[in-house]
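Reading through the structure tokens given below for one structure.
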Amino acid sequence: MKTNRFAVAGVMVLLAALMLVPLNLPQMNDWLFRIATLIMLAVSWNMMASAGMISLGHSAFWGVGSYGCLVAINYLKLPFFMSFIPALLFGALIGMLLALSTGRLRGVFFAIATLALSEGLRIIGLMLPDFTGGAAGMFLRHGARPAAMVLYYSAIIAALLTVLAAWLLSITKLRYAMRAMHDNEDAAQMLGINPLFYRTLISTIAGAMAAGAGALNLWHSAYLAPDIAFSLHFAILAQIAAIIGGVHTLAGPVIGAFAIIGLSELSRTSLGIKEGYSLLIYGVMLVAAITFMPKGLYGILKARPARKPAREGLAPAGASPPNDAAQP
Amino acid sequence: MMYVQLAIDSLLLGGLYALMALGLALSFGVTNILNFAHGEAIMLGAYGAFFGLTLGGIDPLLSLPALMLVGFLAGYALFRYFLKRLLTAPQVNQILLTFGLGMILNNAAAIAFTADMRSANPSYASESIRLGEAYLPMGRFIAFGVACVMAVALLLWLHRTEYGRACRAVAQNQLASTLAGIDLKNVYAVAFGISIAIGVATGVVLSWVTPVTPFMGFHLLVKAFAIIILGGIGSIGGAMAGAFLLGFLETAVAYFVPEGIGWAEGVAFAVLFLILIFRPRGIAGQAAEG
């Protein structure tokens with residue numbers, strides 16, 4: 001438990017330190033913003049994965065968050081901070097409905113349902129041009145955007161709050177329930193854990209988190225179209241961040257988000273790799289991470305000190321039940 | 001007459017869907033690993049047929065056997081030497097590894113072939129035959145014919161050959177089939193290879209029916225999922241019925257709903273979601289639970 005608290009504290013300090021980075025380098029701000037939103041998305045994805053719900057359509061939450069925010073800005077004319085309320089509500093609602101409607105689905109079928117949800121929402125968005133602007137999309141109401149600094153600070157604070165929320169959940173009884181559920185839901189049920197309740201709770205919270213990231217991104221880009229809002233790009237990034245950092249751990253998605261944005265910037269700026277190659281690289285990263293380091297960067301970092309006496313430091317959401325290793 | 005045309009169109013579409021779903025159902029049924037990269041096998045098959053025709057002047061129907069053989073060998077090797085590690089891996093790895101492979105393949109294809117829409121145009125692709133007031137599009141009809149031949153061949157293989165029977169045995173009960181002396185690893189790889197070969201064949205016949213793009217596989221994959229779940233997992237008959245049902249529903253929506261062609265793309269997602277919620281057993285077969 002102790003190593004974990006330290007890891008969490010380290011992550012929080014790191015994030016806080018980032019806020020103190022002189023925020024006048026435009027490039028740096030942009031990176032921090034992308035890292036912050038990716039952290040939110042990856043933490044949200046990881047929370048669901050830790051409860052046995054593997055989502056391939058996290059863009060559904062991201063997208064409804066973006067649209068919730070768009071409604072707030074363009075139709076309701078709400079100010080910046082208020083616009084997150086409908087976004088979070090939309091995300092939470094979709095998360096809740098997803099968990100309730102797929103209550104009896106396991107593993108791979110849940111994954112397919114999330115994929116269908118995201119793609120279905122994209123098509124609905126495309127077919128309702130009066131509301132979404134159709135394939136051409138829609139711009140934010142002119143003059144609604146806050147100062148860039150407000151946006152960057154908000155993103156970093158939101159990422160901190162997301163990690164904090166995941167941590168708070170992980171120190172409650174919930175973490176045992178989640179670990180039991182991603183190992184064996186039937187056994188969890190026999191132990192008196194009500195899977196549907198926990199699944200719904202986690203999916204609702206995770207939905208709101210991812211929707212918050214989507215809303216922030218809308219404020220950043222000031223433009224939204226169904227193909228962007230429900231693009232699988234973000235869902236894929238969230239999966240990769242969690243896998244590379246260390247799935248089922250608290251610090252993993254955060255480490256992974258830094259690693260991914262760092263790598264993608266590195267490959268773009270210093271190796272001169274074109275934008276079209278980024279998804280190819282992400283695919284290679286995903287396959288390589290699953291194949292060669294199933295416990296992620298966090299697992300590698302943790303492996304050294306843990307060699308001596310204690311293996312007590314299981315991560316909050318259940319870092320390492322024996323079957324987490326990819327292969328004998 | 002409109003209804004005759006509707007029946008023809010949905011029948012021809014259903015035949016293609018049946019082939020698509022059979023390929024995916026075979027590997028899932030036998031290995032219990034859902035191949036999220038199956039759509040990429042279809043995509044590569046379509047490109048193979050397209051380049052065979054435009055660069056080599058080879059009719060897609062002639063390049064079909066060779067492309068299927070390549071698909072089989074690639075699928076066999078991929079499973080035997082790489083994917084077999086998934087058999088004992090946690091589910092998150094099973095889902096994300098094939099998903100990641102699919103991402104690599106379609107993005108590599110986008111870089112190698114550009115994202116332009118292509119289409120193989122053999123002479124029969126744009127012909128059609130009048131049947132009274134309705135007409136029969138020749139390209140789709142030939143594609144339908146190929147799909148039927150493939151489906152029948154697969155069924156015969158599953159029921160009449162040693163390996164086919166072994167596949168069915170493994171799908172039913174792994175432990176018992178090991179005890180009966182079946183070499184599991186080999187059967188898995190053969191089933192996976194054949195599944196990829198069928199995926200390639202699906203791509204070849206689609207090459208003159210729909211536009212060929214690097215990302216065409218994803219939507220087809222979701223449709224194949226929808227069909228398998230609609231039909232009921234583990235039931236070949238159910239998958240065939242599901243394919244024709246989806247073909248009919250999509251065609252009917254395109255015909256009767258205003259702006260139906262756009263909405264038709266969403267039918268598979270709606271069907272998938274509704275079935276998963278209300279009847280995870282599908283038309284026939286096992287539940288999608290557990």
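Every chain in the structure tokens takes a letter, A first, then B, and so on in the order presented; its residues are numbered from 1, and the ligands are numbered from 1 following the presented order.
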
Which residues are close to Leu83 of chain B, i.e. within 12 Å by only C-alpha atoms, leaving aside same-chain residues fewer than 5 positions away? Reply as a count of residues only.
31

Return the neighbours of chain B among the residues of chain A, cut-off 6 Å, counting only C-alpha atoms, as a list in words.
Ser101, Thr102, Leu105, Arg106, Ala116, Gly120, Leu280, Gly283, Leu286, Val287, Ala326 and Gln327 of chain A

Go ahead and write the selection's residues with N, CA and C atoms as a short mmCIF file (atom, residue, chain, number, x, y, z; two decimals), in the first residue's frame.
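Saved to part.cif:
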data_model
loop_
_atom_site.label_atom_id
_atom_site.label_comp_id
_atom_site.auth_asym_id
_atom_site.auth_seq_id
_atom_site.Cartn_x
_atom_site.Cartn_y
_atom_site.Cartn_z
N SER A 101 -27.70 -0.99 -19.68
CA SER A 101 -28.22 -1.74 -20.82
C SER A 101 -27.35 -2.95 -21.13
N THR A 102 -26.07 -2.91 -20.79
CA THR A 102 -25.21 -4.05 -21.10
C THR A 102 -24.94 -4.85 -19.83
N LEU A 105 -23.59 -8.35 -20.18
CA LEU A 105 -22.56 -8.67 -21.16
C LEU A 105 -21.19 -8.72 -20.52
N ARG A 106 -20.38 -9.65 -21.00
CA ARG A 106 -19.03 -9.78 -20.45
C ARG A 106 -18.01 -9.50 -21.53
N ALA A 116 -20.16 -0.23 -31.00
CA ALA A 116 -21.42 0.05 -31.69
C ALA A 116 -22.02 1.36 -31.19
N GLY A 120 -22.67 4.28 -33.66
CA GLY A 120 -24.08 4.63 -33.79
C GLY A 120 -24.30 6.12 -33.53
N LEU A 280 -0.25 4.68 -37.25
CA LEU A 280 0.52 3.46 -37.49
C LEU A 280 1.47 3.22 -36.32
N GLY A 283 -0.37 2.02 -33.34
CA GLY A 283 -0.71 0.61 -33.46
C GLY A 283 0.47 -0.27 -33.09
N LEU A 286 0.93 -0.21 -29.40
CA LEU A 286 -0.06 -1.01 -28.69
C LEU A 286 0.33 -2.49 -28.73
N VAL A 287 0.63 -2.98 -29.93
CA VAL A 287 0.97 -4.39 -30.08
C VAL A 287 2.25 -4.72 -29.31
N ALA A 326 0.98 -11.71 -19.65
CA ALA A 326 0.42 -12.04 -20.95
C ALA A 326 0.52 -13.53 -21.23
N GLN A 327 1.61 -14.12 -20.82
CA GLN A 327 1.87 -15.48 -21.28
C GLN A 327 2.81 -16.17 -20.31
#

In segment 3-242 of chain A, what's helix (DSSP H, G or I) per DSSP? Answer as an MDAnalysis selection string?
chainID A and resid 3:20 26:50 59:75 81:101 107:127 129:132 134:136 148:171 174:183 185:190 195:221 226:229 232:242

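The gap separating atom CA of Asn217 of chain A from atom CA of Tyr67 of chain A is 11.0 Å, in Å to one decimal.
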
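Comparing A:Leu56, A:Leu160, A:Ala165, A:Ala136 by their smallest distance to Leu115 of chain A, the closest is A:Leu56 (using only C-alpha atoms).
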